[in-house]
Amino acid sequence: MTETYRAATVAAENDRYVLSLGEIRQEQLPLVGGKGANLGELSPVDGADVPDGYCVTTTAFREVLAGADWLAELLDGLGEVEATDHEGIGALSAQLRDGVRQADLSADLAEAIVAPLVRFAPGTAFAVRSSATAEDLPTASFAGQQDSYLNVIGADAVLAQVRACWASLFTDRAVAYRLHHGIDHRAVTMAVVVQEMVAADAAGVLFTADPVTSNRTVTTVEAGFGLGEALVSGLVNPDVYQVTGSEVTTRTVGVKAQASYAVDGGGTREEALPPDHQTSRVLTDAQVLQLAELGRRIEAHFGRPQDVEWCLDGERFHIVQSRPITTLFPIPETDKPGNRVYLSVGHQQMMTDAIKPLGLSFWQMTTPRPMAVAGGRLFVDVTDRLATPTTRDALLEGMGRSDPLMRDALETVLAREDFLPEVSGEPVEALPQDSLPPIDADPDLVTELIGRAEASLAVAEREIAQVRGAELFDFILADFPELRQRVFDSESLQAIMAGIGAAWWLNENLGEWLGEESPADALTQSAANNVTSQMGLALLDVADVIRPHPEVVAFLRATADEQFLDQLPDLSGGEQARAAIQEYLDSYGMRCIGEIDLTRPRWSEQPAALLPAILANVDAFEPGEAERRFEAGLQVSRAKEHAVLERVRLLPDGEEKAAQTKQMIDRVRVFTGYREYPKYGMISRYFVYKQALMREAQVLVDEGVLADAEEVYYLTFEEFAEAVRSRRVDHSLIRSRAAEHAASAALTPPRVLTSDGESVLGQYRREDLPEGALPGLPVSAGTVEGRARVVRDVADADLVAGDILVTAFTDPSWSPLFVTIAGLVTEVGGLMTHGAVVAREYGLTAVVGVEGATDLIRDGQRIRVNGTTGYVEILS
């Protein structure tokens with residue numbers, strides 16, 4: 001570590017220990033840190049009125065640590081600590097802070113740090129503020145992670161607080177933040193800003209975009225009395241003002257019980273405000289508008305929305321910091337005029353994680369119509385469909401059935417006058433499902449569709465093995481029409497819609513005739529041809545093979561080696577276990593969590609991801625559980641069918657209604673399972689492509705063009721093809737794409753997004769819930785109580801029979817866990833998304849679309865899930 005600092009010191013472009021703020025610009029960030037660079041950039045902005053000061057550069061910090069032999073060992077230890085290990089972080093961070101505070105400081109360096117103070121009058125107070133090189137960046141703000149000190153008076157005090165700022169690079173919260181964001185501790189250094197302090201009457205924060213909704217047309221101002229420390233530390237409820245255009249649109253006056261003020265001689269104190277002053281407005285409308293206009297100038301200067309710290313001295317505003325707002329979701333790029341409305345594809349596909357560029361390329365090539373990209377996610381522009389009466393109703397009805405939160409958000413947009421464009425009169429292209437006629441329940445059609453897909457995949461596997469180099473990319477492009485044909489075949493869509501329509505018909509009509517709630521849930525249990533359900537049951541069969549062999553079970557519990565299959569034959573029963581797992585991988589190894597992203601590691605590539613589910617099945621079940629479960633589902637379905645038809649026949653026109661009901665039951669049982677197959681076929685073909693592409697990536701590694709084969713994930717399909725043709729890549733592009741993906745991964749995508757950048761929130765409009773219940777969308781009927789297990793990654797799942805799985809989303813890769821649990825709660829999902837379909841077939845109580853479920857429900861709490869009405873109660 002010390003050698004790293006010595007090398008950096010020698011190589012520094014500027015060996016000055018201090019720079020005045022007026023001479024600093026953004027490109028000097030490695031020398032002055034994020035805060036220093038931003039303050040330097042602010043200085044020339046008209047009206048910013050940045051208080052005078054200087055920056056102690058990272059050169060000084062590096063010099064202090066250049067001789068610190070203890071540093072490398074502590075940083076090595078810190079690099080091995082998990083972001084959730086608070087005790088480990090605390091112990092190592094404390095040692096690092098103590099070491100930095102006690103590090104030797106040469107007389108020349110100490111003199112250089114305080115020398116600029118002679119420019120200021122004796123007794124001038126300063127703010128001494130940390131400025132790390134990984135702080136106030138476009139991708140991570142680090143706001144509040146390092147320390148600042150106010151009202152610092154005198155050279156000795158300034159020098160002491162500069163040391164304290166250096167040490168604050170290793171506060172517990174800063175270390176945890178870097179671990180969470182994957183930032184190397186060795187890559188971060190510290191500068192310190194020393195700035196003349198303003199004795200503020202008021203202070204606060206200005207957001208040039210609404211930090212809650214992300215709307216770029218709304219400016220939000222928070223304000224409190226005094227220095228602003230009480231506001232930042234959460235001791236007061238600030239005034240909140242919002243500006244749209246040139247008008248203050250909202251004014252919320254907070255109760256400001258206290259304020260922070262400077263103390264003579266140095267430091268600050270908290271002071272209680274008189275009762276009649278606590279609810280006084282901090283700013284007038286004119287002052288709010290003045291700040292908003294200043295904010296727009298600052299935003300224009302930096303080229304993106306800003307989080308601006310300000311203070312008010314008499315009638316004069318000073319800007320003491322500006323940083324990018326890193327939590328805003330990006331706006332899709334478009335060449336279409338006027339306001340636009342976008343729907344999240346990820347919420348429909350149950351995969352809201354950011355997708356790498358190569359994965360996005362494949363999605364764009366797969367879908368028959370172009371999609372917008374923002375924040376590593378895909379969106380569909382529904383503006384024209386929403387603005388056209390003839391298509392609007394169908395869109396809203398479909399959203400209402402599948403995702404009520406999305407429908408409510410769309411209705412919020414519709415309620416805004418003049419937001420949507422005027423209808424041009426040109427017809428809006430209909431979606432395939434808008435005009436598909438119903439079909440009879442012909443099992444032969446499903447068999448034929450699956451047969452076509454399997455035959456087509458076999459041809460692709462055989463032919464792709466013959467091509468290499470640039471020809472591979474030509475082959476994939478030529479093969480994509482066949483992939484789209486298999487996924488979007490009109491007969492295939494017709495079969496899917498037949499199953500969905502039959503389920504809706506049964507729920508609506510049997511609900512009206514018999515008072516039945518969600519009868520289709522029982523009627524679809526153990527339906528035929530559901531490849532995702534079969535995948536979960538097949539893993540029970542794998543457990544049956546492994547269970548009789550204790551040596552194999554013990555080995556699988558202990559191993560984390562992805563090559564564990566090769567080690568199994570050395571164990572008693574290992575050959576059988578290996579064969580069973582390999583057979584499973586041959587059928588389902590192309591699947592994984594987030595499988596719509598081609599770049600995600602597949603089970604065949606990381607088979608250890610299956611071990612938690614396999615071992616849970618070994619522990620929880622007896623041999624033959626798969627067959628018993630499927631047969632039990634059949635019995636539930638048959639009994640429900642018999643009971644429903646008997647009751648319908650007793651109604652007026654009962655025989656006619658019973659005949660209709662029987663037709664719909666047959667239809668739903670034939671076609672519901674097929675709903676899962678087209679995606680399975682698509683993912684299977686993706687894996688064929690991926691295996692061939694990664695062979696080419698490895699060739700680039702072998703030739704020294706790439707350092708790692710997975711670097712191609714940050715290239716588009718076209719860029720990857722060009723790299724193979726030219727044997728060259730833009731390494732800076734790969735690095736920037738990787739950083740951009742990491743930033744996107746930290747963002748939460750909205751269901752509905754507008755061209756103003758607003759994440760439009762939907763609400764459940766219901767009054768039938770118990771007090772304190774969390775509302776959601778009921779997708780699989782029943783009520784169940786159990787222990788909540790909050791799981792964010794399948795590989796981390798530690799489930800026992802009867803647990804209730806709580807997670808952000810589930811795609812087909814989660815279905816092997818469904819055989820263990822008693823209930824399912826997700827933040828994302830709809831009535832016909834994969835998790836809902838499989839939950840119904842397994843008879844698993846499920847509620848999806850529960851906003852914030854993984855935060856509001858704690859792991860281990862006892863909860864009750866009502867999958868009939870759609871809510872979750874926290875019991876303990």
# chains A, B, ... in the order shown; residues from 1 in each chain; ligands from 1
>>> residues_around(residues="stretch 681-697 of chain A", least_positions_apart="3", cutoff="7 Å", atoms="only C-alpha atoms", output="JSON, numbers by chain")
{"A": [453, 457, 461, 469, 483, 487, 590, 598, 677, 678, 700, 701, 709, 712]}
>>> closest_atom_pairs(of="stretch 176-195 of chain A", to="stretch 65-75 of chain A", cutoff="10 Å", atoms="only C-alpha atoms", output="tab-separated table")
residue	atom	partner	partner_atom	distance
A:Asp184	CA	A:Leu75	CA	9.7
A:His185	CA	A:Leu75	CA	7.2
A:Arg186	CA	A:Leu75	CA	7.5
>>> write_last_selection(atoms="N, CA and C atoms", output="PDB file, in the first residue's frame")
ATOM      1  N   ASP A 184     -12.753   0.496  -4.395  1.00  0.00           N
ATOM      2  CA  ASP A 184     -11.522   0.058  -3.729  1.00  0.00           C
ATOM      3  C   ASP A 184     -11.058   1.137  -2.751  1.00  0.00           C
ATOM      4  N   HIS A 185     -10.810   0.747  -1.493  1.00  0.00           N
ATOM      5  CA  HIS A 185     -10.336   1.709  -0.491  1.00  0.00           C
ATOM      6  C   HIS A 185      -9.001   2.325  -0.897  1.00  0.00           C
ATOM      7  N   ARG A 186      -8.177   1.547  -1.606  1.00  0.00           N
ATOM      8  CA  ARG A 186      -6.867   2.056  -2.019  1.00  0.00           C
ATOM      9  C   ARG A 186      -6.987   3.114  -3.109  1.00  0.00           C
TER      10      ARG A 186
END
>>> closest_residue(among="A:Asp653, A:Leu410, A:Arg667, A:Leu611", to="A:Ala795", atoms="only C-alpha atoms")
A:Leu611
>>> residues_around(residues="stretch 54-64 of chain A", least_positions_apart="4", cutoff="7 Å", atoms="only C-alpha atoms", output="tab-separated table (two decimals) with all heavy atoms, in the first residue's frame")
chain	number	residue	atom	x	y	z
A	5	TYR	N	1.17	4.57	-2.68
A	5	TYR	CA	1.15	6.00	-2.40
A	5	TYR	C	2.43	6.69	-2.88
A	5	TYR	O	2.39	7.80	-3.41
A	5	TYR	CB	0.96	6.24	-0.90
A	5	TYR	CG	-0.48	6.24	-0.48
A	5	TYR	CD1	-0.95	5.30	0.42
A	5	TYR	CD2	-1.36	7.17	-1.00
A	5	TYR	CE1	-2.27	5.29	0.81
A	5	TYR	CE2	-2.69	7.16	-0.63
A	5	TYR	CZ	-3.15	6.22	0.28
A	5	TYR	OH	-4.47	6.23	0.66
A	9	THR	N	2.64	9.61	-5.60
A	9	THR	CA	3.26	10.89	-5.27
A	9	THR	C	4.23	11.31	-6.36
A	9	THR	O	4.26	12.47	-6.79
A	9	THR	CB	4.00	10.80	-3.92
A	9	THR	OG1	3.07	10.38	-2.93
A	9	THR	CG2	4.60	12.13	-3.52
A	15	ASP	N	2.49	18.91	-7.71
A	15	ASP	CA	2.97	18.57	-6.37
A	15	ASP	C	2.67	19.66	-5.36
A	15	ASP	O	3.22	19.66	-4.26
A	15	ASP	CB	4.47	18.25	-6.40
A	15	ASP	CG	5.31	19.45	-6.85
A	15	ASP	OD1	4.71	20.50	-7.18
A	15	ASP	OD2	6.54	19.33	-6.89
A	16	ARG	N	1.77	20.58	-5.69
A	16	ARG	CA	1.43	21.65	-4.75
A	16	ARG	C	0.54	21.10	-3.64
A	16	ARG	O	-0.35	20.29	-3.88
A	16	ARG	CB	0.73	22.79	-5.48
A	16	ARG	CG	1.63	23.50	-6.48
A	16	ARG	CD	0.84	24.41	-7.38
A	16	ARG	NE	0.17	25.47	-6.63
A	16	ARG	CZ	-0.67	26.35	-7.19
A	16	ARG	NH1	-0.93	26.29	-8.48
A	16	ARG	NH2	-1.25	27.28	-6.45
A	17	TYR	N	0.76	21.58	-2.45
A	17	TYR	CA	-0.03	21.14	-1.31
A	17	TYR	C	-1.37	21.86	-1.22
A	17	TYR	O	-2.31	21.31	-0.64
A	17	TYR	CB	0.75	21.37	-0.02
A	17	TYR	CG	1.99	20.52	0.13
A	17	TYR	CD1	3.18	21.08	0.59
A	17	TYR	CD2	1.98	19.16	-0.19
A	17	TYR	CE1	4.32	20.31	0.74
A	17	TYR	CE2	3.12	18.40	-0.04
A	17	TYR	CZ	4.29	18.97	0.42
A	17	TYR	OH	5.41	18.20	0.57
A	18	VAL	N	-1.46	23.08	-1.74
A	18	VAL	CA	-2.71	23.84	-1.67
A	18	VAL	C	-2.98	24.52	-3.00
A	18	VAL	O	-2.05	24.88	-3.73
A	18	VAL	CB	-2.68	24.89	-0.53
A	18	VAL	CG1	-2.54	24.24	0.82
A	18	VAL	CG2	-1.60	25.92	-0.77
A	19	LEU	N	-4.26	24.69	-3.30
A	19	LEU	CA	-4.72	25.44	-4.47
A	19	LEU	C	-5.89	26.32	-4.02
A	19	LEU	O	-6.75	25.86	-3.25
A	19	LEU	CB	-5.21	24.50	-5.57
A	19	LEU	CG	-4.17	23.65	-6.30
A	19	LEU	CD1	-4.89	22.64	-7.19
A	19	LEU	CD2	-3.24	24.53	-7.12
A	20	SER	N	-5.95	27.56	-4.49
A	20	SER	CA	-7.10	28.40	-4.18
A	20	SER	C	-8.30	27.92	-4.97
A	20	SER	O	-8.16	27.37	-6.07
A	20	SER	CB	-6.80	29.87	-4.51
A	20	SER	OG	-6.65	30.03	-5.91
A	21	LEU	N	-9.50	28.12	-4.44
A	21	LEU	CA	-10.70	27.63	-5.11
A	21	LEU	C	-10.86	28.22	-6.50
A	21	LEU	O	-11.33	27.56	-7.42
A	21	LEU	CB	-11.94	27.96	-4.26
A	21	LEU	CG	-12.06	27.23	-2.92
A	21	LEU	CD1	-13.36	27.63	-2.21
A	21	LEU	CD2	-12.01	25.72	-3.10
A	31	LEU	N	-6.81	15.64	-7.68
A	31	LEU	CA	-5.96	16.43	-6.82
A	31	LEU	C	-6.74	17.10	-5.69
A	31	LEU	O	-6.21	17.29	-4.60
A	31	LEU	CB	-5.26	17.50	-7.67
A	31	LEU	CG	-4.06	18.21	-7.06
A	31	LEU	CD1	-2.93	17.24	-6.76
A	31	LEU	CD2	-3.57	19.31	-8.01
A	32	VAL	N	-8.02	17.42	-5.94
A	32	VAL	CA	-8.78	18.22	-4.96
A	32	VAL	C	-10.04	17.52	-4.46
A	32	VAL	O	-10.76	18.07	-3.62
A	32	VAL	CB	-9.15	19.60	-5.56
A	32	VAL	CG1	-7.90	20.39	-5.87
A	32	VAL	CG2	-10.04	19.45	-6.80
A	36	GLY	N	-13.99	19.75	-3.65
A	36	GLY	CA	-13.11	20.82	-4.10
A	36	GLY	C	-13.30	21.12	-5.58
A	36	GLY	O	-13.34	22.29	-5.99
A	103	ALA	N	-0.19	10.11	12.35
A	103	ALA	CA	0.87	10.03	11.34
A	103	ALA	C	1.75	11.28	11.38
A	103	ALA	O	1.28	12.39	11.68
A	103	ALA	CB	0.26	9.85	9.96
A	104	ASP	N	3.05	11.09	11.08
A	104	ASP	CA	3.99	12.22	11.10
A	104	ASP	C	3.63	13.25	10.04
A	104	ASP	O	3.22	12.90	8.92
A	104	ASP	CB	5.41	11.71	10.84
A	104	ASP	CG	5.93	10.86	12.00
A	104	ASP	OD1	5.44	11.07	13.13
A	104	ASP	OD2	6.79	10.00	11.76
A	105	LEU	N	3.78	14.52	10.40
A	105	LEU	CA	3.48	15.63	9.50
A	105	LEU	C	4.72	16.53	9.49
A	105	LEU	O	5.11	17.07	10.53
A	105	LEU	CB	2.26	16.40	10.01
A	105	LEU	CG	1.61	17.41	9.08
A	105	LEU	CD1	0.99	16.68	7.90
A	105	LEU	CD2	0.53	18.19	9.82
A	113	ILE	N	-0.03	24.11	4.71
A	113	ILE	CA	-1.47	23.96	4.91
A	113	ILE	C	-2.09	25.22	5.51
A	113	ILE	O	-3.21	25.61	5.15
A	113	ILE	CB	-1.75	22.73	5.80
A	113	ILE	CG1	-1.43	21.45	5.02
A	113	ILE	CG2	-3.20	22.71	6.28
A	113	ILE	CD1	-1.49	20.19	5.87
A	189	THR	N	-8.49	8.82	-2.14
A	189	THR	CA	-7.65	9.66	-1.30
A	189	THR	C	-8.46	10.88	-0.86
A	189	THR	O	-9.60	11.06	-1.28
A	189	THR	CB	-6.37	10.10	-2.03
A	189	THR	OG1	-6.75	10.76	-3.24
A	189	THR	CG2	-5.50	8.92	-2.36
A	190	MET	N	-7.85	11.71	-0.02
A	190	MET	CA	-8.61	12.79	0.60
A	190	MET	C	-7.92	14.14	0.42
A	190	MET	O	-6.73	14.30	0.71
A	190	MET	CB	-8.77	12.51	2.10
A	190	MET	CG	-9.54	13.57	2.86
A	190	MET	SD	-11.29	13.61	2.43
A	190	MET	CE	-11.88	12.27	3.47
A	191	ALA	N	-8.68	15.09	-0.09
A	191	ALA	CA	-8.31	16.50	-0.04
A	191	ALA	C	-9.18	17.15	1.03
A	191	ALA	O	-10.14	16.54	1.52
A	191	ALA	CB	-8.51	17.16	-1.40
A	192	VAL	N	-8.88	18.40	1.38
A	192	VAL	CA	-9.65	19.11	2.40
A	192	VAL	C	-9.88	20.55	1.93
A	192	VAL	O	-8.93	21.23	1.54
A	192	VAL	CB	-8.94	19.11	3.77
A	192	VAL	CG1	-9.78	19.85	4.81
A	192	VAL	CG2	-8.65	17.69	4.23
A	193	VAL	N	-11.13	20.98	1.97
A	193	VAL	CA	-11.48	22.35	1.62
A	193	VAL	C	-11.47	23.20	2.90
A	193	VAL	O	-12.11	22.83	3.90
A	193	VAL	CB	-12.85	22.42	0.95
A	193	VAL	CG1	-13.30	23.87	0.77
A	193	VAL	CG2	-12.82	21.70	-0.40
A	194	VAL	N	-10.76	24.32	2.85
A	194	VAL	CA	-10.76	25.30	3.95
A	194	VAL	C	-11.39	26.56	3.38
A	194	VAL	O	-10.83	27.20	2.49
A	194	VAL	CB	-9.34	25.58	4.46
A	194	VAL	CG1	-9.38	26.59	5.60
A	194	VAL	CG2	-8.67	24.29	4.91
A	195	GLN	N	-12.58	26.92	3.87
A	195	GLN	CA	-13.39	27.96	3.22
A	195	GLN	C	-13.92	28.93	4.27
A	195	GLN	O	-14.35	28.52	5.36
A	195	GLN	CB	-14.55	27.27	2.49
A	195	GLN	CG	-15.34	28.14	1.55
A	195	GLN	CD	-16.37	27.31	0.78
A	195	GLN	OE1	-16.75	26.22	1.20
A	195	GLN	NE2	-16.82	27.82	-0.35
>>> residues_around(residues="A:Gly359", least_positions_apart="6", cutoff="9 Å", atoms="only C-alpha atoms", output="ChimeraX atom specification")
/A:596-600,713-714,716-717
>>> select_by_dssp(residues="stretch 452-551 of chain A", states="alpha helix (DSSP H)", output="PyMOL selection string")
chain A and resi 452-464+470-488+490-514+519-523+531-546+550-551
>>> residues_around(residues="A:Arg578", least_positions_apart="3", cutoff="10 Å", atoms="only C-alpha atoms", output="list in words")
Val542, Val545, Ile546, Val552, Phe564, Leu565, Asp566, Gln567, Leu568, Pro569, Gly573, Gly574, Glu575, Ile581, Gln582, Glu583 and Tyr584 of chain A
>>> closest_residue(among="A:Leu556, A:Asp239, A:Leu777, A:Ala125", to="A:Arg401", atoms="only C-alpha atoms")
A:Leu777
>>> atom_distance(atom1="atom CA of A:Gly182", atom2="atom CA of A:Ala739")
10.2 Å
>>> closest_residue(among="A:Ala626, A:Val668, A:Ala503, A:Val724", to="A:Asp474", atoms="only C-alpha atoms")
A:Val724
>>> atom_distance(atom1="atom CA of A:Ser130", atom2="atom CA of A:Ser148")
5.9 Å
>>> atom_distance(atom1="atom CA of A:Val282", atom2="atom CA of A:Val320")
18.4 Å
>>> residues_around(residues="A:Thr284", least_positions_apart="2", cutoff="12 Å", atoms="only C-alpha atoms", output="ChimeraX atom specification")
/A:221,223,239-241,248,251,253,280-282,286-291,315
>>> select_by_dssp(residues="stretch 50-183 of chain A", states="strand (DSSP E)", output="CSV table (one decimal) with N, CA, C and O atoms, in the first residue's frame")
chain,number,residue,atom,x,y,z
A,53,GLY,N,-11.7,30.7,-0.3
A,53,GLY,CA,-11.0,29.6,0.4
A,53,GLY,C,-10.0,28.9,-0.5
A,53,GLY,O,-9.7,29.3,-1.6
A,54,TYR,N,-9.5,27.8,0.0
A,54,TYR,CA,-8.5,27.0,-0.7
A,54,TYR,C,-8.7,25.5,-0.4
A,54,TYR,O,-9.5,25.1,0.5
A,55,CYS,N,-7.9,24.7,-1.1
A,55,CYS,CA,-8.0,23.3,-1.0
A,55,CYS,C,-6.7,22.7,-0.6
A,55,CYS,O,-5.7,23.0,-1.3
A,56,VAL,N,-6.6,21.9,0.4
A,56,VAL,CA,-5.4,21.1,0.7
A,56,VAL,C,-5.5,19.9,-0.1
A,56,VAL,O,-6.4,19.1,0.0
A,125,ALA,N,-13.4,33.0,10.8
A,125,ALA,CA,-13.9,31.6,11.0
A,125,ALA,C,-13.9,30.9,9.7
A,125,ALA,O,-14.3,31.5,8.6
A,126,PHE,N,-13.6,29.6,9.7
A,126,PHE,CA,-13.6,28.8,8.5
A,126,PHE,C,-14.4,27.5,8.7
A,126,PHE,O,-14.6,27.0,9.8
A,127,ALA,N,-14.9,27.0,7.5
A,127,ALA,CA,-15.4,25.7,7.5
A,127,ALA,C,-14.4,24.8,6.9
A,127,ALA,O,-13.8,25.1,5.8
A,128,VAL,N,-14.0,23.7,7.6
A,128,VAL,CA,-13.0,22.8,7.1
A,128,VAL,C,-13.8,21.5,6.7
A,128,VAL,O,-14.4,20.8,7.6
A,129,ARG,N,-13.7,21.1,5.5
A,129,ARG,CA,-14.6,20.1,4.9
A,129,ARG,C,-13.8,19.0,4.1
A,129,ARG,O,-13.0,19.4,3.3
A,130,SER,N,-14.2,17.8,4.4
A,130,SER,CA,-13.5,16.7,3.7
A,130,SER,C,-13.9,16.7,2.2
A,130,SER,O,-15.0,17.1,1.8
A,131,SER,N,-13.0,16.3,1.3
A,131,SER,CA,-13.2,16.3,-0.1
A,131,SER,C,-12.5,15.1,-0.7
A,131,SER,O,-11.4,15.1,-1.2
A,132,ALA,N,-13.2,13.9,-0.6
A,132,ALA,CA,-12.6,12.7,-1.1
A,132,ALA,C,-12.6,12.6,-2.6
A,132,ALA,O,-13.5,13.2,-3.2
A,148,SER,N,-17.1,17.2,8.3
A,148,SER,CA,-16.8,18.6,8.1
A,148,SER,C,-16.9,19.3,9.5
A,148,SER,O,-17.6,18.8,10.4
A,149,TYR,N,-16.2,20.4,9.6
A,149,TYR,CA,-16.1,21.1,10.9
A,149,TYR,C,-16.4,22.6,10.6
A,149,TYR,O,-15.7,23.2,9.7
A,150,LEU,N,-17.3,23.2,11.4
A,150,LEU,CA,-17.7,24.6,11.2
A,150,LEU,C,-17.1,25.5,12.3
A,150,LEU,O,-16.8,25.1,13.4
A,151,ASN,N,-16.9,26.8,11.9
A,151,ASN,CA,-16.5,27.8,12.8
A,151,ASN,C,-15.1,27.5,13.4
A,151,ASN,O,-15.0,27.5,14.6
A,152,VAL,N,-14.2,27.1,12.6
A,152,VAL,CA,-12.9,26.8,13.0
A,152,VAL,C,-12.0,28.1,12.9
A,152,VAL,O,-11.9,28.7,11.9
A,153,ILE,N,-11.4,28.4,14.0
A,153,ILE,CA,-10.7,29.7,14.1
A,153,ILE,C,-9.2,29.5,14.6
A,153,ILE,O,-9.0,28.8,15.6
>>> residues_around(residues="A:Val308", least_positions_apart="2", cutoff="10 Å", atoms="only C-alpha atoms", output="list in words")
Gly204, Val205, Leu206, Phe207, Thr208, Val221, Leu291, Leu294, Gly295, Ile298, Glu299, Pro305, Gln306, Trp310, Ile319, Val320, Gln321, Ser322, Arg323, Pro324 and Ile325 of chain A
>>> closest_residue(among="A:Ala659, A:Ala200, A:Ala164, A:Leu405", to="A:Val850", atoms="only C-alpha atoms")
A:Leu405
>>> closest_residue(among="A:Gly154, A:Pro778, A:Gly594, A:Gly829", to="A:Lys356", atoms="only C-alpha atoms")
A:Gly594
